[in-house]
Amino acid sequence: MQEVELKFQVPAGHRSALRRAVTTRRAQVTELQARYFDTPQRHLARAGFAVRLRRENAQWVQTLKGGGDGLMKRLEHNAPVATPPEGEPGLDLSRHVGTPAGDALEALLKQQGIGAADLQRQYGTDVRRTHRLLRHEGAVVELAFDEGHILSGDQAVELFELEFELVSGPVPALLSLARRWVDRHGLWLDSRTKAERGDRLVRGLTHGPAVRARTVQLSRETPAAEAVRRMMLTVMRQVLPNASDLADGLGTPEHLHQLRVGLRRLRTVLKVHGPWLAVDDPARLAGLEAGLATLFTTLGTARDQDALAESVLPALVAAGSPVGRLPTPPVMAEPAGLLRGVATQRLWLEVLALASAPVAERPVDVPAGAAAEVSAAAPAVPALEPAARAGLKAQHRRVLRDAGRFLALDEAGRHGLRKRLKRLRYSAELVAALYAPKAVRAYLDGLRAAQEVLGRCNDLSVARERFLSVVAQQPEAWFAVGWLSAERDRVVAEAAPILAELVEVKRFWRASARRRH
C-alpha cells in the first residue's frame, strides 16, 4: 500500500503542551524498539528504501518502505512476525513478496546484485509513541507523538516528532488538520525520515547534501492542471529537504542557495502556469506567491552575505581595500528561525494543498502578456504544449527587448532583466520534458553567459550598497565604494555585447510549432 503522512518537529518549548493535547482518554501508548538494516555500501538508503524489524509492545512487525514522492506519499508494507521463544526474530524479505514495495525492492536487489544475506543491522530507534485517531473534514487521521532516540553504537539523536498519517479520506483534510496543530504548537515540517537521520548518524554526518532541481515528468497528453501539480510537487522535493536541514540549524550556504532556487522555481510555476489550476479564488494563488516572495527576499539577505564573501570580497581585498570584511546588514534574518516559523509552515502546507486538491479541467488561460501569440482560431481548450509554447515565446520576446536596450537601463531595469531571464530559464526547465532534450540543453546553454554576467552586475551593486551604508561610521569604506562602482561599470559594458547575442539563441519550441503545420 501507499502511506500518506506528514511529519513535524516539535520545538522544546511546546512539547509539554503538545503531549497534553495528544494524551486524551482515547489515546494509546506504544513502546517501539526498531532495528534498521542495509548493506555496508548503503544500497537501500541510496535508493530511498528502508527495512526494519520493530517490536511494538510485545508484537514484532517487519516493515518495508520504498520510493514515493519524497513529500507525503511512500510505498509501505507491514508484516506481523511471530515472536520466537528466545531472542529476536530474524529479517526475512520474503515477507514482502507480491506487494508493490516488495516487488520494487526485489528489482533493486537484482539490479545491484545483492541478496538478503548482505543486509546488516545499521542503527536502531527507541521510541515511546502516544497516538490516537482524529476525524476531520471527512478524513480519519492517526496522530502520533514520538519521543525517544535514534541509536548507533554510543551515538544518539533525540526524537520529538508529531506524525499525521491519513487512514482514510481526502489529502486536503490531512493538510487542514496539520495546519491547526502548527498554529497551536509551533510545529515545523520535516521531510527527513527516521531512516535518513539514522543513516546520517551511522556515517557521522549532521546533514545531507544540498538538493538540486529535478526534472518534471510530463508528456504532451498531461492535462494542464495535472502538469502544474506535478511541477509544484517536483519543486517541493527540492525545497523541503533543504529547508529541513536549515530549519534544524544544520544546513550550509549551498543548502540556502538551493532553497532559494527552489523558491524562485515555485514562484515561476505560480506566476506562469498557476492559472491552469483553475482554482475558485485567484486571490489564493496571488497570496501564496506574495508569501513566497517575502520569504525569498528575507532569506536573500543571508544568502547575499555568503555569496558576496565568496565572489566579491577576495577581489576587493586584493585591490587594496582597507576594509577586509563585508558590512553586516542592519536586519538579517536567521534562516533557521525564519524557516521554523508558523508563517513559513503555512506556506509549505498551502503549496501541498494546492498540489493535492482535485480540480476540474477548464480552458487553459494563456500566460500574461502572451494573448497576442494565440490565434483567434485556436481551440477552446488548448493542449499543454501550445500553451507552454505561448508562454515561453512571450517571455523570450520581453527578454530580447530589454537586452537590446541594456545600456539604457538603470540599475532597477538591469535587475528586472536579470529576474526575467531567470524566470525564462526556469520556465523552460519546467516544461523541458515536452521537447527534444538536445534542443532544450542548447537553449539553456545559450542563456548561461547572459545569466552569469548579470549575476556579477548584481553582486557588485549589492556589495556597493552594503559599503555605502557604513561610510559615515567607516570613512575608509569609500575605497570599496569607488572600486565596486568602477568594477560594476566595467562589467555593465562587458555585458552589453553578451546580451546582444541572445537574439541568436535557437528557440527549441519553434520546431514543435512547425511540426503542427
# chains A, B, ... in the order shown; residues from 1 in each chain; ligands from 1
call {"tool": "residues_around", "arguments": {"residues": "Gln238 in chain A", "least_positions_apart": "2", "cutoff": "12 Å", "atoms": "only C-alpha atoms", "output": "count of residues only"}}
result
36
call {"tool": "residues_around", "arguments": {"residues": "Val317 in chain A", "least_positions_apart": "6", "cutoff": "12 Å", "atoms": "only C-alpha atoms", "output": "ChimeraX atom specification"}}
result
/A:309-311,323-326,477,479-480,483-484
call {"tool": "select_by_dssp", "arguments": {"residues": "range 28-81 of chain A", "states": "strand (DSSP E)", "output": "mmCIF file with C-alpha atoms, in the first residue's frame"}}
result
data_model
loop_
_atom_site.group_PDB
_atom_site.id
_atom_site.type_symbol
_atom_site.label_atom_id
_atom_site.label_comp_id
_atom_site.auth_asym_id
_atom_site.auth_seq_id
_atom_site.Cartn_x
_atom_site.Cartn_y
_atom_site.Cartn_z
ATOM 1 C CA GLN A 28 -2.829 4.738 23.320
ATOM 2 C CA VAL A 29 0.824 4.433 24.254
ATOM 3 C CA THR A 30 3.098 2.022 22.401
ATOM 4 C CA GLU A 31 6.738 1.306 23.141
ATOM 5 C CA LEU A 32 8.661 0.915 19.880
ATOM 6 C CA GLN A 33 12.140 -0.558 19.508
ATOM 7 C CA ALA A 34 13.293 -0.835 15.891
ATOM 8 C CA ARG A 35 16.367 -2.207 14.107
ATOM 9 C CA TYR A 36 17.116 -0.891 10.585
ATOM 10 C CA PHE A 37 19.004 -2.953 8.012
ATOM 11 C CA ASP A 38 21.112 -2.091 4.968
ATOM 12 C CA ALA A 50 14.230 1.328 4.414
ATOM 13 C CA VAL A 51 13.593 -2.074 6.002
ATOM 14 C CA ARG A 52 13.207 -2.599 9.718
ATOM 15 C CA LEU A 53 12.183 -5.040 12.402
ATOM 16 C CA ARG A 54 10.261 -3.333 15.179
ATOM 17 C CA ARG A 55 8.873 -4.511 18.469
ATOM 18 C CA GLU A 56 5.598 -2.756 19.185
ATOM 19 C CA GLN A 59 4.417 -7.746 18.947
ATOM 20 C CA TRP A 60 7.130 -7.785 16.285
ATOM 21 C CA VAL A 61 6.459 -6.238 12.861
ATOM 22 C CA GLN A 62 8.699 -6.161 9.799
ATOM 23 C CA THR A 63 8.234 -3.051 7.629
ATOM 24 C CA LEU A 64 9.491 -2.207 4.164
ATOM 25 C CA LYS A 65 9.282 1.370 2.938
ATOM 26 C CA GLY A 66 10.008 2.190 -0.676
ATOM 27 C CA GLY A 67 10.115 5.082 -3.063
ATOM 28 C CA GLY A 68 7.472 7.776 -3.083
ATOM 29 C CA LYS A 73 3.489 9.552 -0.130
ATOM 30 C CA ARG A 74 5.569 6.414 0.118
ATOM 31 C CA LEU A 75 5.214 2.698 -0.570
ATOM 32 C CA GLU A 76 4.881 0.698 2.632
ATOM 33 C CA HIS A 77 4.196 -2.911 3.609
ATOM 34 C CA ASN A 78 3.920 -4.223 7.175
ATOM 35 C CA ALA A 79 4.167 -7.911 8.039
ATOM 36 C CA PRO A 80 3.469 -9.229 11.569
ATOM 37 C CA VAL A 81 6.251 -11.543 12.766
#
call {"tool": "closest_residue", "arguments": {"among": "A:Asp445, A:Asp248, A:Glu385, A:Asp103", "to": "Pro335 in chain A", "atoms": "only C-alpha atoms"}}
result
A:Asp248
call {"tool": "closest_residue", "arguments": {"among": "A:Ala302, A:Leu407, A:Ala394, A:Ala442", "to": "Val491 in chain A", "atoms": "only C-alpha atoms"}}
result
A:Leu407
call {"tool": "closest_residue", "arguments": {"among": "A:Phe145, A:Pro327, A:His43, A:Arg284", "to": "Lys110 in chain A", "atoms": "only C-alpha atoms"}}
result
A:His43
call {"tool": "closest_residue", "arguments": {"among": "A:Pro170, A:Val431, A:Leu93, A:Leu246", "to": "Thr222 in chain A", "atoms": "only C-alpha atoms"}}
result
A:Val431
call {"tool": "residues_around", "arguments": {"residues": "Ala383 in chain A", "least_positions_apart": "2", "cutoff": "8 Å", "atoms": "only C-alpha atoms", "output": "tab-separated table (two decimals) with C-alpha atoms, in the first residue's frame"}}
result
chain	number	residue	atom	x	y	z
A	220	ARG	CA	2.00	16.22	-24.22
A	221	GLU	CA	-1.06	14.28	-23.09
A	223	PRO	CA	-3.77	17.68	-18.58
A	224	ALA	CA	-2.77	21.25	-17.86
A	381	VAL	CA	-9.15	24.10	-24.65
A	385	GLU	CA	2.36	22.15	-25.27
A	386	PRO	CA	0.79	25.03	-27.26
A	387	ALA	CA	0.02	26.87	-24.02
call {"tool": "residues_around", "arguments": {"residues": "Tyr443 in chain A", "least_positions_apart": "5", "cutoff": "8 Å", "atoms": "only C-alpha atoms", "output": "ChimeraX atom specification"}}
result
/A:505-508
call {"tool": "select_by_dssp", "arguments": {"residues": "range 254-466 of chain A", "states": "helix (DSSP H, G or I)", "output": "ChimeraX atom specification"}}
result
/A:254-277,282-311,313-318,335-340,342-356,371-373,384-404,406-408,411-430,432-434,437-466
call {"tool": "atom_distance", "arguments": {"atom1": "CA of Leu460 in chain A", "atom2": "CA of Ser321 in chain A"}}
result
14.6 Å
call {"tool": "decode", "arguments": {"residues": "range 87-104 of chain A", "atoms": "C-alpha atoms", "output": "PDB file, in the first residue's frame"}}
result
ATOM      1  CA  GLY A  87      15.839 -13.615  21.375  1.00  0.00           C
ATOM      2  CA  GLU A  88      14.622 -11.576  18.419  1.00  0.00           C
ATOM      3  CA  PRO A  89      13.199 -12.674  15.047  1.00  0.00           C
ATOM      4  CA  GLY A  90      15.433 -12.525  12.009  1.00  0.00           C
ATOM      5  CA  LEU A  91      14.977 -10.414   8.898  1.00  0.00           C
ATOM      6  CA  ASP A  92      13.111 -12.240   6.112  1.00  0.00           C
ATOM      7  CA  LEU A  93      12.477 -10.304   2.903  1.00  0.00           C
ATOM      8  CA  SER A  94      10.098 -12.985   1.624  1.00  0.00           C
ATOM      9  CA  ARG A  95       7.503 -11.471   3.953  1.00  0.00           C
ATOM     10  CA  HIS A  96       7.077  -8.692   1.379  1.00  0.00           C
ATOM     11  CA  VAL A  97       6.861 -10.843  -1.751  1.00  0.00           C
ATOM     12  CA  GLY A  98       3.976  -9.977  -4.068  1.00  0.00           C
ATOM     13  CA  THR A  99       3.459  -6.456  -2.715  1.00  0.00           C
ATOM     14  CA  PRO A 100       4.288  -3.246  -4.624  1.00  0.00           C
ATOM     15  CA  ALA A 101       7.001  -2.371  -2.108  1.00  0.00           C
ATOM     16  CA  GLY A 102       8.378  -5.920  -2.180  1.00  0.00           C
ATOM     17  CA  ASP A 103       8.454  -6.025  -5.973  1.00  0.00           C
ATOM     18  CA  ALA A 104      10.294  -2.709  -6.075  1.00  0.00           C
TER      19      ALA A 104
END
